Each structure stands twice: as structure tokens, then as C-alpha cells.
Amino acid sequence: QVQLVESGGGLVQPGGSLRLSCAASESIFSAYSMAWYRQASGKERELVAAITTFGGTIYDPSVKGRFTISRDNAKNTVFLQMNSLRSEDTAVYYCNVQNLAYRIPWGQGTQVTVSS
């Protein structure tokens with residue numbers, strides 16, 4: 001069964017940093033571009049960053065220059081390094097494949113709260 005397990009969230013002050021991790025089943029990790037999404041309270045889920053199997057990346061303009069997505073293919077893990085965090089980055093963060101048409105089940109997500 002395909003599984004996605006996110007971790008690394010927490011409470012951080014504005015300007016701080018967090019590193020999120022997502023462990024994925026090998027069955028999806030090796031074949032697909034992976035992505036991080038986030039959903040703030042009362043808002044729709046949005047794509048934050050994505051990375052292809054070969055390491056190509058894209059970012060939402062709101063996080064470009066502050067967030068870095070990476071992947072460790074040997075460990076079936078994708079990371080999101082988040083620097084210079086802002087209050088508007090507060091959300092539940094999820095990982096999944098970039099192409100949601102594959103309908104991979106969502107994990108539980110990890111809460112990121114940016115507040116002083």
C-alpha cells in the first residue's frame with residue numbers, strides 16, 4: 001500500500017527555519033515527481049514546490065528564494081528546507097506526487113506554525 005509520512009513541523013518564530021521530511025513508498029518515489037503542498041486554515045490546498053526524479057525543481061512565487069526542495073532517492077525521502085519563515089507560511093504541509101491525477105492517498109501532514 002502506498003504510504004506518505006510527513007514530519008518535521010512545529011512552532012517557529014518569524015524569520016526562523018524548519019526542515020520537513022516525507023518518507024514515501026518506493027513504488028511511487030522512484031517513478032514520480034514529488035511535491036510539497038500546504039493547506040492553511042479556511043483555504044484550499046496549494047502546491048508549494050516540486051522536484052522531478054532527476055532533480056529539477058519548481059516553486060510557488062511566494063516561497064521562491066526561501067524554501068528548497070530536495071530528495072534522497074536512496075532513502076525514498078523528500079525534504080523541504082524552509083528559511084525566513086513568515087506568518088503566512090502557517091499551514092499543514094503535505095507531500096504527494098506532483099500529478100494529483102494519480103490519486104495517491106494523502107498522509108496526515110505536519111503542522112507548521114509561524115508565530116512570535
# chains A, B, ... in the order shown; residues from 1 in each chain; ligands from 1
call {"tool": "select_by_dssp", "arguments": {"residues": "chain A", "states": "strand (DSSP E or B)", "output": "PyMOL selection string"}}
result
chain A and resi 4-7+10-12+18-24+34-39+46-51+57-59+64+67-72+77-82+91-97+110-114
call {"tool": "closest_atom_pairs", "arguments": {"of": "region 79-114 of chain A", "to": "region 41-59 of chain A", "cutoff": "12 Å", "atoms": "only C-alpha atoms", "output": "JSON lines"}}
result
{"residue": "A:Phe79", "atom": "CA", "partner": "A:Ile51", "partner_atom": "CA", "distance": 10.0}
{"residue": "A:Leu80", "atom": "CA", "partner": "A:Ala49", "partner_atom": "CA", "distance": 8.3}
{"residue": "A:Gln81", "atom": "CA", "partner": "A:Ala49", "partner_atom": "CA", "distance": 10.7}
{"residue": "A:Met82", "atom": "CA", "partner": "A:Val48", "partner_atom": "CA", "distance": 10.9}
{"residue": "A:Glu88", "atom": "CA", "partner": "A:Ser41", "partner_atom": "CA", "distance": 10.8}
{"residue": "A:Asp89", "atom": "CA", "partner": "A:Val48", "partner_atom": "CA", "distance": 10.1}
{"residue": "A:Thr90", "atom": "CA", "partner": "A:Ser41", "partner_atom": "CA", "distance": 8.7}
{"residue": "A:Ala91", "atom": "CA", "partner": "A:Ser41", "partner_atom": "CA", "distance": 6.8}
{"residue": "A:Val92", "atom": "CA", "partner": "A:Ser41", "partner_atom": "CA", "distance": 8.4}
{"residue": "A:Tyr93", "atom": "CA", "partner": "A:Val48", "partner_atom": "CA", "distance": 9.0}
{"residue": "A:Tyr94", "atom": "CA", "partner": "A:Arg45", "partner_atom": "CA", "distance": 9.1}
{"residue": "A:Cys95", "atom": "CA", "partner": "A:Ala50", "partner_atom": "CA", "distance": 9.3}
{"residue": "A:Asn96", "atom": "CA", "partner": "A:Ala50", "partner_atom": "CA", "distance": 9.4}
{"residue": "A:Val97", "atom": "CA", "partner": "A:Ala50", "partner_atom": "CA", "distance": 8.4}
{"residue": "A:Gln98", "atom": "CA", "partner": "A:Ala50", "partner_atom": "CA", "distance": 6.4}
{"residue": "A:Asn99", "atom": "CA", "partner": "A:Ala50", "partner_atom": "CA", "distance": 9.9}
{"residue": "A:Leu100", "atom": "CA", "partner": "A:Leu47", "partner_atom": "CA", "distance": 10.6}
{"residue": "A:Trp106", "atom": "CA", "partner": "A:Arg45", "partner_atom": "CA", "distance": 11.6}
{"residue": "A:Gly109", "atom": "CA", "partner": "A:Arg45", "partner_atom": "CA", "distance": 11.6}
{"residue": "A:Gln111", "atom": "CA", "partner": "A:Ser41", "partner_atom": "CA", "distance": 10.9}
{"residue": "A:Val112", "atom": "CA", "partner": "A:Ser41", "partner_atom": "CA", "distance": 11.6}
{"residue": "A:Thr113", "atom": "CA", "partner": "A:Ser41", "partner_atom": "CA", "distance": 11.3}
call {"tool": "residues_around", "arguments": {"residues": "Asp72 (chain A)", "least_positions_apart": "3", "cutoff": "10 Å", "atoms": "only C-alpha atoms", "output": "list in words"}}
result
Ala23, Phe29, Gly55, Lys75, Asn76, Thr77, Val78 and Phe79 of chain A
call {"tool": "residues_around", "arguments": {"residues": "Arg66 (chain A)", "least_positions_apart": "4", "cutoff": "8 Å", "atoms": "only C-alpha atoms", "output": "PyMOL selection string"}}
result
chain A and resi 82-85
call {"tool": "select_by_dssp", "arguments": {"residues": "chain A", "states": "alpha helix (DSSP H)", "output": "count of residues only"}}
result
4
call {"tool": "closest_residue", "arguments": {"among": "A:Thr110, A:Ser87, A:Ser33, A:Asn73", "to": "Gly16 (chain A)", "atoms": "only C-alpha atoms"}}
result
A:Ser87
call {"tool": "closest_residue", "arguments": {"among": "A:Gly10, A:Val2, A:Ile104, A:Ala40", "to": "Ser27 (chain A)", "atoms": "only C-alpha atoms"}}
result
A:Val2
call {"tool": "closest_residue", "arguments": {"among": "A:Gln3, A:Ala101, A:Gln13, A:Tyr37", "to": "Ser115 (chain A)", "atoms": "only C-alpha atoms"}}
result
A:Gln13
call {"tool": "closest_residue", "arguments": {"among": "A:Ser116, A:Ile69, A:Gly107, A:Leu18", "to": "Glu6 (chain A)", "atoms": "only C-alpha atoms"}}
result
A:Gly107
call {"tool": "closest_residue", "arguments": {"among": "A:Arg71, A:Arg86, A:Pro105, A:Pro61", "to": "Ser30 (chain A)", "atoms": "only C-alpha atoms"}}
result
A:Arg71
